[in-house]
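Below is one structure, written out as structure tokens, with a few remarks after it.
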Amino acid sequence: MYMNKNQATERIKKLCQIINDYRYHYHVLDESTMSEAAADSLKHELTQIEEEFPELTTPDSPTQKVAGVALDKFTKVTHSQRMISLADVFSFEELAAWLERAKKVEPQGKYEFFTDIKMDGLACALVYVDGVFTQAITRGDSRVGEDVTNNVKTINNVPLKLRADGAKGGVEVRGEIVIFKNDLEKLNKKRRLEGKQEFANPRNLAAGSIRQLDPKIAAERPLQFVAYDVIEPSQKTFVQTYENLEKWGFRTSRQQRSLKSLKKVEEYISELETAREKLPFNTDGVVIKVNDRELYSKLGIVGKTPRGAVAFKYPAEEATTVVRDIVISIGRTGAATPVAVFEPVQVAGTTVQHASLHNADEIARLDVRIGDTVVIYKAGDIIPQVQKVLLELRPKGAEKFSYAKALKHQYPELEFERPEGEVVYRVKGEDSDFILKRAVQYYASRSALDIEGLGEKNVVALVDAGLVKDIADLYTLDKSSIAKLERFGELSADNLVSAIAERKTPPLARFITGLGIRHVGALTAIDLANHFQQTEKFTNANYDELLEIDGIGEVVAESLIAWLSDEDNAALLKKLDEVGVRPQYEDLTKGKLAGVSFVITGSLESMSRDEAAEKIRSLGGEFHSSVGKSTTYLVVGGKIGNSKRLAAEKYGTKIINEAELLKML
């Protein structure tokens, strides 16, 4: 989303405020105001804005600060080396860009990689002197942490003394304190039996347990320490570091890999994305480090993160985005469904651009407004939903959404009513069967799929008999069921089934026309088909892309987004695909009228002007409303004025009559 400097300044201010508030609650009070995925999404947005406007980055920005501060109830301890966090990337493209930046700093380095699972726990540093455990320090603000030695001593897998061949002198081991999935399940089962409230978040439980003043509480919790680093000068590679960790008696994730190339790293990331569901602990990504620790050190730190390492975050099932518009879709039953149009955002591996807001009551409950920043979620294959509005980021002057006003603005020619006891508005005076019959008739009409034998009376018979409940049902009709109807016999039923089957691979433009999308006639459908060329690309169209197509303005783009966002329509498209409808793109640029442009003035006897325009464009020709330098022919019908004829004479455009046009067609 384009911003000027003033807009960016205001957005950064609000983002910093909400992220800092989240971090205080999450890292200091051990409670969540939003999901970690949503917070990551906000931080990613802040990072991108600051990259575009680096002069607006302030020292107290969340991008410049490791989350969390030391709690007063514990002794504060300064780390021997800063316990910094890693920068996040969310795609292979961003991962490749990270490596390119590193190579610019140290172009002669040997870039091999060490990867490990990104643990979801409480970061902690364990200090050993001559092999004996002496202190445990939380990350804190990266420079100063909290002394939680007594609590960490209670963790069963933390060695109080390194094995016999442990390092001499001072050694600092860093890792995550976590609770495994099975252990949390057992703990909650016990609490259920005791009538106590269950724990929901293993990360918060781990952090809360370590921050208890009474070590007995930590001892009762199934905490585990999973090590990932050693601060000690003899470590040459991260491979060696992990070998030493395991040799000294520490548990690692057991998911670590030494990989020679970034391509191998990408393969590992993809492999682990599926496998991570079966891991004993929670994780949301992969840590990638330059394996050579000397090179890692040479690369240094940029801002508050090391250049030599990065965290690849898997697609979150939650994210934040901005509501650009709220449009209303009229479904096949006449129901008016509101749809939020978003700034495109990645959620659960797919780009989300819109989501149903369901009805007027839901909009009122959420109090969602155009311009709001919202948290959206998508669990598995479930359609994206708006979870909540982040009121702290609401722009000044954002107006409360008026459903009645929006209906009147978007559909001035229709009347709506909200039947008693229902939550949805519907088109007044038209029942669902009437709307269905009209939709099927239009789909089968000459300007759309041109299905022979499927005129108005036959459509009415099929719908009234319950054989057709949507246009996809046409393709599942069998002649025995049709033949039983009053208007049909064996032959006519057979002919109709055959005619419908012949339209299983319709031209994409005719298919789009047949969907009956408001403001999308045959000419606009041709423009859409020429641009997208594939059904899947058309159904995934976004608002900005639609506006780039010649002849499509905001009204048409909003209508398309509303239709494509409607859950009923999405289900219809899926059903059409399941019954074998495969629209095919026709390249009309090679048609016999390719490169030839027409303007029609006056009325034609054999067809309407729109029908003529459709025929011209279906043969690759261009149709325009006014004569210009590039106009090839002016077709003259009856009852014409002189303006277009004079323009044709001025530009040397050839004037022809209707008969000559028909010959060309």
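We name chains A, B, ... following the order of the structure tokens; residues begin at 1 in each chain, and ligands are numbered from 1 as shown.
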Spatial neighbours of range 205-207 of chain A, max dist 8 Å, only C-alpha atoms, sep filter under 4 positions, as a list in words: Asp30, Gly121, Leu122, Ile177, Val178, Ile179, Phe199, Asn201, Arg211 and Leu223 of chain A
Residue list (helix (DSSP H, G or I), DSSP) for range 330-561 of chain A, as a count of residues only: 99
Which of range 338-409 of chain A DSSP labels strand (DSSP E or B), written as a PyMOL selection string: chain A and resi 338-347+350-356+373-377+385-389
Test item: residues at most 12 Å from Pro315 in chain A, only C-alpha atoms, excluding those fewer than 6 positions along its chain, as a list in words: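 With the cut-off at 12 Å, the set is Ala37, Ala38, Asp40, Ser41, Asp88, Val89, Phe90, Ser91, Phe92, Ile269, Ser270, Glu273, Thr274, Thr283, Asp284, Gly285, Val286, Val345, Gln346, Val347, Ala348, Gly349, Thr350, Thr351, Tyr377, Lys378, Ala379 and Gly380 of chain A.
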Shell around Leu295 in chain A at 9 Å using only C-alpha atoms, local window under 3 positions removed, as a ChimeraX atom specification: /A:106,109-111,290-292,298-300,308
For N, CA and C atoms, I'd like the residues from the last selection saved as a short mmCIF file (atom, residue, chain, number, x, y, z; two decimals), in the first residue's frame.
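Result file is part-v6.cif:
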data_model
loop_
_atom_site.label_atom_id
_atom_site.label_comp_id
_atom_site.auth_asym_id
_atom_site.auth_seq_id
_atom_site.Cartn_x
_atom_site.Cartn_y
_atom_site.Cartn_z
N GLU A 106 30.75 -9.87 3.08
CA GLU A 106 31.91 -10.79 3.06
C GLU A 106 31.85 -11.64 1.79
N GLY A 109 33.59 -15.24 1.65
CA GLY A 109 33.26 -16.25 2.65
C GLY A 109 32.77 -17.55 2.05
N LYS A 110 32.97 -18.64 2.79
CA LYS A 110 32.47 -19.95 2.38
C LYS A 110 31.09 -20.14 3.00
N TYR A 111 30.05 -20.02 2.14
CA TYR A 111 28.69 -20.01 2.66
C TYR A 111 28.07 -21.41 2.63
N VAL A 290 24.94 -19.22 9.07
CA VAL A 290 26.18 -19.52 8.38
C VAL A 290 26.99 -20.43 9.29
N ASN A 291 27.37 -21.60 8.81
CA ASN A 291 27.95 -22.62 9.69
C ASN A 291 29.30 -22.21 10.27
N ASP A 292 30.12 -21.52 9.48
CA ASP A 292 31.45 -21.09 9.93
C ASP A 292 31.30 -19.95 10.94
N LYS A 298 32.35 -12.22 11.57
CA LYS A 298 32.77 -11.15 10.65
C LYS A 298 31.59 -10.41 10.04
N LEU A 299 30.51 -11.14 9.80
CA LEU A 299 29.33 -10.52 9.20
C LEU A 299 28.71 -9.49 10.12
N GLY A 300 28.92 -9.64 11.43
CA GLY A 300 28.50 -8.63 12.37
C GLY A 300 27.01 -8.54 12.58
N GLY A 308 24.53 -13.02 10.07
CA GLY A 308 24.86 -14.39 9.74
C GLY A 308 23.78 -15.41 10.01
#
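Each of A:Arg11, A:Lys484, A:His354, A:Arg257 was checked against Glu558 in chain A using only C-alpha atoms; the smallest atom-to-atom distance is that of A:His354.
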Counting only C-alpha atoms, the residue of A:Val158, A:Met83, A:Ala509, A:Ala340 that sits nearest Tyr543 in chain A: A:Ala340
Residue contacts of Pro54 in chain A (12 Å, only C-alpha atoms) excluding same-chain residues fewer than 4 positions away, as a list in words: Lys5, Ala8, Thr9, Ile12, Leu46, Thr47, Gln48, Ile49, Glu50, Thr58, Pro59, Ser61, Thr63 and Gly303 of chain A
Using only N, CA and C atoms, please write the residues we just selected to a file, as a JSON list (two decimals), in the first residue's frame.
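For reference, result_27.json as written:
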[["chain", "number", "residue", "atom", "x", "y", "z"],
["A", 5, "LYS", "N", 5.18, 10.32, 3.30],
["A", 5, "LYS", "CA", 5.97, 10.34, 4.53],
["A", 5, "LYS", "C", 5.11, 10.63, 5.75],
["A", 8, "ALA", "N", 3.21, 7.51, 6.61],
["A", 8, "ALA", "CA", 4.13, 6.51, 7.16],
["A", 8, "ALA", "C", 4.49, 6.85, 8.61],
["A", 9, "THR", "N", 4.69, 8.14, 8.90],
["A", 9, "THR", "CA", 5.01, 8.57, 10.26],
["A", 9, "THR", "C", 3.90, 8.19, 11.23],
["A", 12, "ILE", "N", 3.69, 4.28, 11.61],
["A", 12, "ILE", "CA", 4.79, 3.78, 12.43],
["A", 12, "ILE", "C", 4.51, 4.05, 13.91],
["A", 46, "LEU", "N", 5.85, -3.16, 10.03],
["A", 46, "LEU", "CA", 6.67, -2.05, 10.54],
["A", 46, "LEU", "C", 8.06, -2.08, 9.90],
["A", 47, "THR", "N", 8.65, -3.28, 9.80],
["A", 47, "THR", "CA", 9.98, -3.41, 9.20],
["A", 47, "THR", "C", 9.97, -2.93, 7.75],
["A", 48, "GLN", "N", 8.94, -3.30, 7.00],
["A", 48, "GLN", "CA", 8.86, -2.90, 5.60],
["A", 48, "GLN", "C", 8.72, -1.39, 5.44],
["A", 49, "ILE", "N", 7.90, -0.76, 6.31],
["A", 49, "ILE", "CA", 7.74, 0.70, 6.23],
["A", 49, "ILE", "C", 9.05, 1.39, 6.57],
["A", 50, "GLU", "N", 9.74, 0.89, 7.60],
["A", 50, "GLU", "CA", 11.01, 1.50, 8.00],
["A", 50, "GLU", "C", 12.09, 1.31, 6.93],
["A", 58, "THR", "N", 13.33, 4.96, 14.67],
["A", 58, "THR", "CA", 13.77, 5.57, 15.93],
["A", 58, "THR", "C", 14.46, 4.52, 16.80],
["A", 59, "PRO", "N", 15.32, 4.95, 17.73],
["A", 59, "PRO", "CA", 16.04, 4.00, 18.59],
["A", 59, "PRO", "C", 15.11, 3.12, 19.43],
["A", 61, "SER", "N", 12.20, 1.94, 18.44],
["A", 61, "SER", "CA", 11.31, 1.13, 17.61],
["A", 61, "SER", "C", 11.41, -0.34, 17.98],
["A", 63, "THR", "N", 11.60, -2.75, 16.14],
["A", 63, "THR", "CA", 12.56, -3.43, 15.25],
["A", 63, "THR", "C", 13.99, -3.26, 15.75],
["A", 303, "GLY", "N", 21.60, -3.32, 12.91],
["A", 303, "GLY", "CA", 20.52, -2.95, 13.83],
["A", 303, "GLY", "C", 20.65, -3.76, 15.10]]
Residue neighbourhood Asn151 in chain A, 6 Å, only C-alpha atoms, exclusion window fewer than 6 positions, as a VMD selection string: chain A and resid 210 215 218
Kindly export the residues of the current selection with N, CA and C atoms, as a compact mmCIF listing (two decimals), in the first residue's frame.
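The resulting again-v2.txt:
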# COMPACT_ATOMS: atom_id res chain seq x y z
N ILE A 210 9.04 -20.41 35.13
CA ILE A 210 10.40 -19.98 35.45
C ILE A 210 10.40 -18.69 36.26
N PRO A 215 10.68 -21.93 43.82
CA PRO A 215 11.15 -22.97 42.91
C PRO A 215 10.29 -24.23 42.92
N ALA A 218 8.01 -24.31 39.87
CA ALA A 218 8.72 -24.71 38.65
C ALA A 218 8.98 -26.21 38.65
Residue with smallest distance to Leu42 in chain A - pool A:Val374, A:Thr535, A:Leu86, A:Val341, counting only C-alpha atoms: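 Answer, going by the shortest atom-to-atom distance: A:Val374.
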CA of Pro344 in chain A to CA of Val322 in chain A, distance in Å rounded to a single decimal: 8.7 Å
Contacts of Asp478 in chain A at 9 Å (only C-alpha atoms; same-chain gap of 5+ positions) as a ChimeraX atom specification: /A:483,493-494,497
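Between CA of Glu55 in chain A and CA of Asn4 in chain A there is a distance of 13.1 Å.
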